[in-house]
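Working notes for the structure below.
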Amino acid sequence: MENITLISLKCSNCSAALQISDKLDRFICNYCGTEHALLHNSGGFFFRRLEERLENLEKVTEKGNAELAIKRLRSELATRTHQLQGLTEEKDDLMKLLNSRRADAITSIIVTALIQAALLAINLSFSVYAVAQVAVLGNILYQMSQINKIQHERQKTAEKYRPETERIRDDIDILGIKIKKKVKLADS
Ligand SMILES: [Zn+2]
């Protein structure tokens, strides 16, 4: 059996006095957990600190950065979501208004058609009937042109909001992916 010689060295990190076997090539300080390589040269034994500690520190820093990034990304996500909500509500309000105008126009056409039916049922002089017909036809044409205009406005409204809405939706998707990645990093 080989003789084990104990050598005294100080931890390079916490300066604790350590007694270790000269047969070891690696040693972890009991006090602070710093890992050392045990080396020797003509002057005797010495420690060289291993990089693990640094790596751990980097990991901690990376984690801290990831956590900060998550906070920032989440607040950005909340802002974008809020913006999307605002835009969607604005668009929905405009659409509701247009829909109600369209419903009014349709109702007016139906009412006019009912009046037309009532006119046919009663006996009117031709001149009165002719005037009534012009009014009936006039209103139907007017309401139909209104419906046509409203349809255009609906399209214009949808197109007006689409680019920004899509851009914000893309941003939200990207932020979601970024957050997932950072969460993974922070949890590692
Ligand atoms: Zn130590």
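Each chain in the structure tokens gets a letter, A, B, ..., in the order shown, and its residues are numbered from 1; ligands are numbered from 1 in order too.
By chain and then residue number, the residues within 8 Å of region 136-150 of chain A are Leu98, Arg101, Arg102, Ala105, Ile106, Ser108, Ile109, Thr112, Ala113, Ile115, Gln116, Ala132, Gln133, Glu153 and Arg154 of chain A, counting only C-alpha atoms and disregarding those fewer than 3 positions away in sequence.
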Shell around Arg167 (chain A) at 12 Å using only C-alpha atoms, local window under 4 positions removed, as a ChimeraX atom specification: /A:80-81,83-84,87,161-163,171-174
Kindly work out which residues sit at most 7 Å from ligand 1, using only C-alpha atoms and all ligand atoms, and give the list as a PDB file with C-alpha atoms, in the first residue's frame.
ATOM      1  CA  CYS A  11      -8.228  27.510  -0.129  1.00  0.00           C
ATOM      2  CA  SER A  12      -7.746  30.054  -2.877  1.00  0.00           C
ATOM      3  CA  ASN A  13     -11.239  31.335  -2.355  1.00  0.00           C
ATOM      4  CA  CYS A  14     -11.915  31.483   1.376  1.00  0.00           C
ATOM      5  CA  SER A  15      -8.364  30.972   2.698  1.00  0.00           C
ATOM      6  CA  ALA A  16      -9.454  28.082   4.908  1.00  0.00           C
ATOM      7  CA  CYS A  29     -13.043  23.060  -0.190  1.00  0.00           C
ATOM      8  CA  ASN A  30     -15.210  21.901   2.734  1.00  0.00           C
ATOM      9  CA  TYR A  31     -15.945  25.484   3.675  1.00  0.00           C
ATOM     10  CA  CYS A  32     -16.894  27.255   0.472  1.00  0.00           C
ATOM     11  CA  GLY A  33     -17.247  24.505  -2.107  1.00  0.00           C
ATOM     12  CA  THR A  34     -14.638  25.883  -4.463  1.00  0.00           C
TER      13      THR A  34
END
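Closest approach to Thr157 (chain A) from the set A:Ala121, A:Ile177, A:Leu97, A:Ala103 is made by A:Leu97, with distances taken over only C-alpha atoms.
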As a PyMOL selection string, which residues of chain A does DSSP assign to strand (DSSP E or B)? chain A and resi 6-10+17-21+26-28+35-41+44-49
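Among the candidate residues A:Phe46, A:Val60, A:Ile20, A:Lys10, the one lying nearest to Asp187 (chain A) is A:Val60, with distances computed using only C-alpha atoms.
Our summary of the geometry notes that CA of Lys182 (chain A) is positioned 20.0 Å from CA of Arg169 (chain A).
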From the options A:Ile179, A:Ala186, A:Leu39, A:Ala17, which residue's atoms come nearest to Ile70 (chain A), counting only C-alpha atoms? A:Ile179
If we count only C-alpha atoms, what is near region 4-8 of chain A at a cut-off of 8 Å, once residues fewer than 4 positions away on the same chain are taken out, given as a PDB file with C-alpha atoms, in the first residue's frame?
ATOM      1  CA  ALA A  17      -6.543  25.874   5.949  1.00  0.00           C
ATOM      2  CA  LEU A  18      -7.012  22.520   4.262  1.00  0.00           C
ATOM      3  CA  GLN A  19      -5.233  19.222   4.836  1.00  0.00           C
ATOM      4  CA  ILE A  20      -5.405  16.990   1.812  1.00  0.00           C
ATOM      5  CA  SER A  21      -3.858  13.855   0.468  1.00  0.00           C
ATOM      6  CA  ASP A  22      -1.132  14.357  -2.102  1.00  0.00           C
ATOM      7  CA  LYS A  23      -2.675  11.529  -4.096  1.00  0.00           C
ATOM      8  CA  PHE A  45       2.138  21.440  -4.150  1.00  0.00           C
TER       9      PHE A  45
END
Could you list, as an NGL selection string, every residue within 12 Å of Arg72 (chain A), counting only C-alpha atoms and ignoring same-chain residues fewer than 5 positions away? :A and (65-67 or 77-79 or 175 or 178-179 or 182)
Deliver the residues from the most recent selection as a file, using N, CA and C atoms, as an mmCIF file, in the first residue's frame.
data_model
loop_
_atom_site.group_PDB
_atom_site.id
_atom_site.type_symbol
_atom_site.label_atom_id
_atom_site.label_comp_id
_atom_site.auth_asym_id
_atom_site.auth_seq_id
_atom_site.Cartn_x
_atom_site.Cartn_y
_atom_site.Cartn_z
ATOM 1 N N ASN A 65 -30.212 37.511 -15.585
ATOM 2 C CA ASN A 65 -30.523 38.252 -16.809
ATOM 3 C C ASN A 65 -31.811 37.749 -17.433
ATOM 4 N N ALA A 66 -31.961 36.424 -17.437
ATOM 5 C CA ALA A 66 -33.164 35.832 -18.024
ATOM 6 C C ALA A 66 -34.395 36.285 -17.250
ATOM 7 N N GLU A 67 -34.267 36.321 -15.913
ATOM 8 C CA GLU A 67 -35.415 36.744 -15.100
ATOM 9 C C GLU A 67 -35.776 38.201 -15.363
ATOM 10 N N LEU A 77 -45.433 42.467 -23.389
ATOM 11 C CA LEU A 77 -46.564 41.640 -23.834
ATOM 12 C C LEU A 77 -47.877 42.240 -23.337
ATOM 13 N N ALA A 78 -47.868 42.691 -22.085
ATOM 14 C CA ALA A 78 -49.084 43.290 -21.509
ATOM 15 C C ALA A 78 -49.457 44.555 -22.282
ATOM 16 N N THR A 79 -48.433 45.371 -22.618
ATOM 17 C CA THR A 79 -48.690 46.603 -23.378
ATOM 18 C C THR A 79 -49.290 46.286 -24.737
ATOM 19 N N LEU A 175 -43.214 37.628 -28.777
ATOM 20 C CA LEU A 175 -42.956 37.836 -27.346
ATOM 21 C C LEU A 175 -43.223 36.544 -26.569
ATOM 22 N N LYS A 178 -40.296 34.263 -27.122
ATOM 23 C CA LYS A 178 -39.129 34.775 -26.382
ATOM 24 C C LYS A 178 -39.266 34.464 -24.899
ATOM 25 N N ILE A 179 -40.450 34.682 -24.353
ATOM 26 C CA ILE A 179 -40.675 34.450 -22.921
ATOM 27 C C ILE A 179 -40.465 32.973 -22.597
ATOM 28 N N LYS A 182 -36.801 32.233 -22.466
ATOM 29 C CA LYS A 182 -36.160 32.797 -21.269
ATOM 30 C C LYS A 182 -36.571 32.026 -20.013
#
One decimal, Å: what's the distance from CA of Ser188 (chain A) over to CA of Glu55 (chain A), could you say?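 The value is 13.4 Å.
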Select, from A:Val183, A:Val131, A:Leu50, A:Ile110, the residue with the minimum atom-to-atom distance to Lys71 (chain A), counting only C-alpha atoms. A:Val183
Residue list (alpha helix (DSSP H), DSSP) for chain A, as a PyMOL selection string: chain A and resi 52-121+126-187
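Between CA of Val128 (chain A) and CA of Thr107 (chain A) there is a distance of 24.5 Å.
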